[in-house]
There are 2 protein chains.
Amino acid sequence: MKIINDVKFLIVGLGLIGGSYAQALTDLGYEVGAITRSQSSIDYAKEKGLIAHGTTEVSEEYVKQFDIVVFALYPRVLIKWLDQYQSYFKSGALITDVTGVKGPVVYKIQDMLRDDVEFVGAHPMAGKEVYGVQNADKSIFKNANYIVTPTEKNTKAGIETCAQLGKVLGFKTIAELSPEKHDEMIGFLSQLTHCIAVSLMTCKESEDLVNYTGDSFRDLTRIAKINEDMWCELFLLNKDELLSQMDLFIEKFKELRDGIESEDTEKIKSIMRTSTKRRMYFDKK
Amino acid sequence: MKIINDVKFLIVGLGLIGGSYAQALTDLGYEVGAITRSQSSIDYAKEKGLIAHGTTEVSEEYVKQFDIVVFALYPRVLIKWLDQYQSYFKSGALITDVTGVKGPVVYKIQDMLRDDVEFVGAHPMAGKEVYGVQNADKSIFKNANYIVTPTEKNTKAGIETCAQLGKVLGFKTIAELSPEKHDEMIGFLSQLTHCIAVSLMTCKESEDLVNYTGDSFRDLTRIAKINEDMWCELFLLNKDELLSQMDLFIEKFKELRDGIESEDTEKIKSIMRTSTKRRMYFDKK
């Protein structure tokens with residue numbers, strides 16, 4: 001694969017995702033460096049063989065040796081970082097990210113970035129309900145989707161390399177979407193589902209419910225254990241899209257509610273049949 | 001265990017749950033018979049060694065040989081069956097069921113039943129998204145909860161035997177709730193979650209979404225593939241409770257929605273912290 005030859009990777013932000021990227025790339029024989037806030041994360045990652053080297057200090061000397069830089073930071077921190085340190089990149093470097101919202105991030109970065117480096121947005125749709133490099137685990141990519149979100153500013157080569165990175169990391173499906181389509185899709189598939197899980201979980205005191213719980217409640221609320229800083233930021237970055245998805249959901253939920261209230265069995269069953277039919281697409285994969 | 005000695009089980013309704021009961025009991029050495037509508041289900045269950053014998057005809061001669069009778073039928077069919085054939089039971093027989101709603105079922109049955117047999121309601125909280133005796137699988141009970149729902153009409157011995165049955169079947173937790181408490185709890189934990197999954201699944205055409213889906217949407221909608229006849233019946237039997245749970249959920253969901261609309265980060269994060277804290281109870285088990 002193209003990107004295999006002689007490239008050095010820099011991971012900025014050694015958390016669960018950054019650490020998992022590092023692990024996958026190091027295991028494939030790449031030289032992987034890291035910049036992150038805490039020395040203990042660097043120490044841990046070096047000890048476990050996730051990275052070759054790393055630093056908590058951002059210096060030109062360190063940054064300019066890397067060909068591909070992956071940012072695994074919260075969106076606002078990412079933009080601040082670029083604002084401050086983008087002059088350090090090697091000319092020709094490829095920059096990518098892992099941010100869960102694309103529109104407000106990708107265009108902003110591409111507008112502010114030097115002309116001699118290229119930013120291609122990407123969203124690895126993988127995660128766990130735990131955090132930190134200590135939980136890094138490249139196997140989370142195995143059955144997951146990876147989405148590249150190119151714009152008109154991107155080159156064919158840059159997009160291709162970013163897609164190859166997804167393949168190299170071990171993702172099952174590599175897809176391409178515009179930042180706008182990505183945010184619409186993610187607003188529905190990911191953000192709305194988190195809103196639902198969180199809302200359900202806050203309905204009742206639940207300690208005494210554990211003994212009566214079947215799998216359905218457990219599965220539905222798995223994602224209700226949530227990183228409030230990250231998700232709050234992602235929700236607000238995609239606010240308009242998310243609100244319209246939430247309103248659509250309320251509308252559909254009320255349709256079912258009204259069907260139950262009026263005991264309209266034909267309506268209830270017809271909603272359920274649509275649901276069953278549509279869910280079957282997700283069984284095939 | 002008490003119920004091990006010399007009892008013969010009759011399963012009425014050989015579907016997924018009835019078949020799994022039959023399999024578990026037969027494997028433990030009990031003699032298990034079955035009455036069900038289709039001869040092919042009987043044939044299958046006999047061939048696979050799930051039952052010793054079975055029939056599609058309800059006759060006094062057949063029914064009166066059994067000490068414990070488990071009804072794995074839809075609620076309305078169950079009540080019709082008892083209305084028609086309850087004179088066939090052996091005197092002293094223990095009758096139980098697997099119905100997902102208790103209040104409207106348990107009291108009605110106990111009111112109509114002969115004095116010399118006892119009905120103790122039970123709800124095995126186990127299932128799969130597939131149906132029929134061909135999918136019978138006693139392992140679905142292994143990590144599941146079993147709830148006995150006694151009333152004032154029940155004897156201590158009857159309740160005890162019904163609870164023992166749950167243990168014998170291999171359930172992890174055996175709990176006891178009044179029919180009313182059961183229906184409140186199930187309205188929230190099971191019926192509301194199904195309403196949410198179904199509503200979410202009907203929001204959009206989804207075939208093209210499969211490539212972009214993470215685990216959260218997949219987990220949340222697993223139960224959106226739904227048996228519309230059974231669930232519609234269960235929803236309407238528990239209508240008032242379910243509607244009040246649905247309204248509670250809408251209220252909480254709108255709270256989060258309004259927090260996002262007004263960009264009230266403190267409110268959003270506080271909701272998420274409550275959610276995270278409550279979800280942690282469910283990790284312990």
# chains A, B, ... in the order shown; residues from 1 in each chain; ligands from 1

$ select_by_dssp --residues "segment 120-154 of chain B" --states "helix (DSSP H, G or I)" --output "VMD selection string"
chain B and resid 133 to 135 138 to 141

$ interface_residues --of "chain B" --to "chain A" --cutoff "7 Å" --atoms "only C-alpha atoms" --output "CSV table (one decimal) with C-alpha atoms, in the first residue's frame"
chain,number,residue,atom,x,y,z
B,125,MET,CA,-37.2,-12.0,30.9
B,126,ALA,CA,-35.5,-13.8,28.1
B,144,ALA,CA,-31.5,-13.5,32.5
B,145,ASN,CA,-34.0,-12.5,35.2
B,173,THR,CA,-31.8,-13.9,39.3
B,189,LEU,CA,-37.6,-1.3,31.1
B,190,SER,CA,-39.0,-3.3,28.3
B,193,THR,CA,-37.3,0.6,25.1
B,196,ILE,CA,-38.0,3.9,21.4
B,198,VAL,CA,-39.2,1.1,16.8
B,199,SER,CA,-39.7,4.9,16.6
B,200,LEU,CA,-36.0,5.5,15.8
B,201,MET,CA,-36.0,2.8,13.2
B,202,THR,CA,-39.0,4.3,11.4
B,203,CYS,CA,-37.4,7.8,11.2
B,206,SER,CA,-32.1,3.1,6.3
B,207,GLU,CA,-30.6,0.9,3.6
B,210,VAL,CA,-25.7,0.6,7.0
B,211,ASN,CA,-22.2,1.6,5.8
B,212,TYR,CA,-21.9,4.4,8.3
B,213,THR,CA,-23.4,2.8,11.3
B,214,GLY,CA,-21.5,2.4,14.6
B,216,SER,CA,-24.6,2.5,19.2
B,217,PHE,CA,-27.3,2.6,16.5
B,219,ASP,CA,-27.4,-1.9,19.7
B,220,LEU,CA,-30.2,0.5,20.2
B,223,ILE,CA,-35.1,-4.9,19.3
B,224,ALA,CA,-36.7,-2.9,16.5
B,225,LYS,CA,-37.2,-6.2,14.6
B,226,ILE,CA,-40.3,-6.9,16.5
B,228,GLU,CA,-46.0,-7.0,15.9
B,232,CYS,CA,-49.1,-4.8,20.1
B,236,LEU,CA,-52.4,-2.4,24.8
B,239,LYS,CA,-51.6,0.8,28.0
B,243,LEU,CA,-48.3,5.9,28.1
B,248,LEU,CA,-42.0,10.7,31.1
B,249,PHE,CA,-39.4,9.9,28.4
B,252,LYS,CA,-36.7,14.1,29.7
B,253,PHE,CA,-35.8,14.0,26.0
B,257,ARG,CA,-33.2,19.0,23.5
B,260,ILE,CA,-28.9,21.9,23.3
B,263,GLU,CA,-26.6,25.9,24.3
B,265,THR,CA,-23.7,23.5,28.5
B,268,ILE,CA,-26.4,19.3,29.1
B,269,LYS,CA,-23.4,18.1,31.1
B,272,MET,CA,-25.1,13.5,31.1
B,273,ARG,CA,-23.5,13.1,34.5
B,274,THR,CA,-26.7,11.8,35.9
B,275,SER,CA,-27.0,9.4,33.0
B,276,THR,CA,-23.4,8.1,33.5
B,278,ARG,CA,-27.1,5.7,36.8
B,279,ARG,CA,-25.8,3.6,34.0
B,281,TYR,CA,-25.3,0.4,38.3
B,282,PHE,CA,-25.9,-1.8,35.3

$ residues_around --residues "Gly33 of chain B" --least-positions-apart "4" --cutoff "6 Å" --atoms "only C-alpha atoms" --output "list of chain:residue names"
B:Leu10, B:Ile51, B:Ala52, B:His53, B:Gly54

$ closest_residue --among "A:Gln86, A:Gln65, A:Thr99, A:Thr56" --to "Leu237 of chain A" --atoms "only C-alpha atoms"
A:Thr99

$ residues_around --residues "Val168 of chain A" --least-positions-apart "5" --cutoff "12 Å" --atoms "only C-alpha atoms" --output "MDAnalysis selection string"
chainID A and resid 1:4 21:30 138 141:142 146 161:163 173:174

$ write_last_selection --atoms "C-alpha atoms" --output "PDB file, in the first residue's frame"
ATOM      1  CA  MET A   1       0.000   0.000   0.000  1.00  0.00           C
ATOM      2  CA  LYS A   2       1.113   3.498  -0.843  1.00  0.00           C
ATOM      3  CA  ILE A   3       1.374   4.899   2.627  1.00  0.00           C
ATOM      4  CA  ILE A   4       3.498   2.044   3.874  1.00  0.00           C
ATOM      5  CA  TYR A  21      -4.117   4.332  16.146  1.00  0.00           C
ATOM      6  CA  ALA A  22      -0.602   4.269  17.583  1.00  0.00           C
ATOM      7  CA  GLN A  23      -0.877   0.614  18.504  1.00  0.00           C
ATOM      8  CA  ALA A  24      -2.157  -0.442  15.083  1.00  0.00           C
ATOM      9  CA  LEU A  25       0.495   1.546  13.214  1.00  0.00           C
ATOM     10  CA  THR A  26       3.394   0.503  15.426  1.00  0.00           C
ATOM     11  CA  ASP A  27       2.357  -3.143  15.137  1.00  0.00           C
ATOM     12  CA  LEU A  28       2.545  -2.753  11.359  1.00  0.00           C
ATOM     13  CA  GLY A  29       6.136  -1.558  11.577  1.00  0.00           C
ATOM     14  CA  TYR A  30       5.662   2.198  11.243  1.00  0.00           C
ATOM     15  CA  LYS A 138      -6.727  -1.611  17.924  1.00  0.00           C
ATOM     16  CA  PHE A 141     -11.492  -0.917  14.417  1.00  0.00           C
ATOM     17  CA  LYS A 142     -12.110  -4.425  13.174  1.00  0.00           C
ATOM     18  CA  TYR A 146     -14.155   4.688   8.651  1.00  0.00           C
ATOM     19  CA  THR A 161      -3.745   8.288   1.447  1.00  0.00           C
ATOM     20  CA  CYS A 162      -6.334   9.094   4.105  1.00  0.00           C
ATOM     21  CA  ALA A 163      -8.542   6.231   2.898  1.00  0.00           C
ATOM     22  CA  THR A 173     -15.602  -0.381   5.578  1.00  0.00           C
ATOM     23  CA  ILE A 174     -14.016   2.754   4.166  1.00  0.00           C
TER      24      ILE A 174
END

$ atom_distance --atom1 "atom CA of Val70 of chain A" --atom2 "atom CA of Leu82 of chain A"
12.0 Å

$ atom_distance --atom1 "atom CA of Lys46 of chain B" --atom2 "atom CA of Asp83 of chain B"
28.1 Å

$ select_by_dssp --residues "segment 79-230 of chain B" --states "strand (DSSP E or B)" --output "list of chain:residue names"
B:Leu94, B:Ile95, B:Thr96, B:Asp97, B:Glu118, B:Phe119, B:Val120, B:Gly121, B:Ala122, B:His123, B:Pro124, B:Met125, B:Asn145, B:Tyr146, B:Ile147, B:Val148, B:Thr149, B:Thr173, B:Ile174, B:Ala175, B:Glu176

$ residues_around --residues "segment 155-158 of chain B" --least-positions-apart "5" --cutoff "9 Å" --atoms "only C-alpha atoms" --output "JSON, numbers by chain"
{"B": [94, 118, 119, 120, 150, 163]}

$ atom_distance --atom1 "atom CA of Glu60 of chain B" --atom2 "atom CA of His123 of chain B"
26.9 Å

$ residues_around --residues "Phe66 of chain A" --least-positions-apart "5" --cutoff "8 Å" --atoms "only C-alpha atoms" --output "ChimeraX atom specification"
/A:7-10,89-90,93

$ write_last_selection --atoms "N, CA and C atoms" --output "PDB file, in the first residue's frame"
ATOM      1  N   VAL A   7       6.938   6.275   5.783  1.00  0.00           N
ATOM      2  CA  VAL A   7       6.307   7.421   6.430  1.00  0.00           C
ATOM      3  C   VAL A   7       6.410   7.306   7.943  1.00  0.00           C
ATOM      4  N   LYS A   8       6.504   8.471   8.565  1.00  0.00           N
ATOM      5  CA  LYS A   8       6.521   8.513  10.024  1.00  0.00           C
ATOM      6  C   LYS A   8       5.225   9.175  10.492  1.00  0.00           C
ATOM      7  N   PHE A   9       4.593   8.543  11.473  1.00  0.00           N
ATOM      8  CA  PHE A   9       3.318   9.056  11.972  1.00  0.00           C
ATOM      9  C   PHE A   9       3.493   9.808  13.281  1.00  0.00           C
ATOM     10  N   LEU A  10       2.818  10.938  13.372  1.00  0.00           N
ATOM     11  CA  LEU A  10       2.711  11.636  14.654  1.00  0.00           C
ATOM     12  C   LEU A  10       1.254  11.583  15.106  1.00  0.00           C
ATOM     13  N   PHE A  89       4.863  22.132  10.896  1.00  0.00           N
ATOM     14  CA  PHE A  89       4.722  20.947  10.037  1.00  0.00           C
ATOM     15  C   PHE A  89       5.789  20.919   8.958  1.00  0.00           C
ATOM     16  N   LYS A  90       6.211  19.730   8.627  1.00  0.00           N
ATOM     17  CA  LYS A  90       7.054  19.517   7.446  1.00  0.00           C
ATOM     18  C   LYS A  90       6.248  19.925   6.211  1.00  0.00           C
ATOM     19  N   ALA A  93       3.357  17.684   4.457  1.00  0.00           N
ATOM     20  CA  ALA A  93       2.766  16.747   5.421  1.00  0.00           C
ATOM     21  C   ALA A  93       1.263  16.578   5.162  1.00  0.00           C
TER      22      ALA A  93
END

$ closest_residue --among "B:Leu234, B:Leu73, B:Ala34, B:Leu14" --to "Pro104 of chain B" --atoms "only C-alpha atoms"
B:Leu234
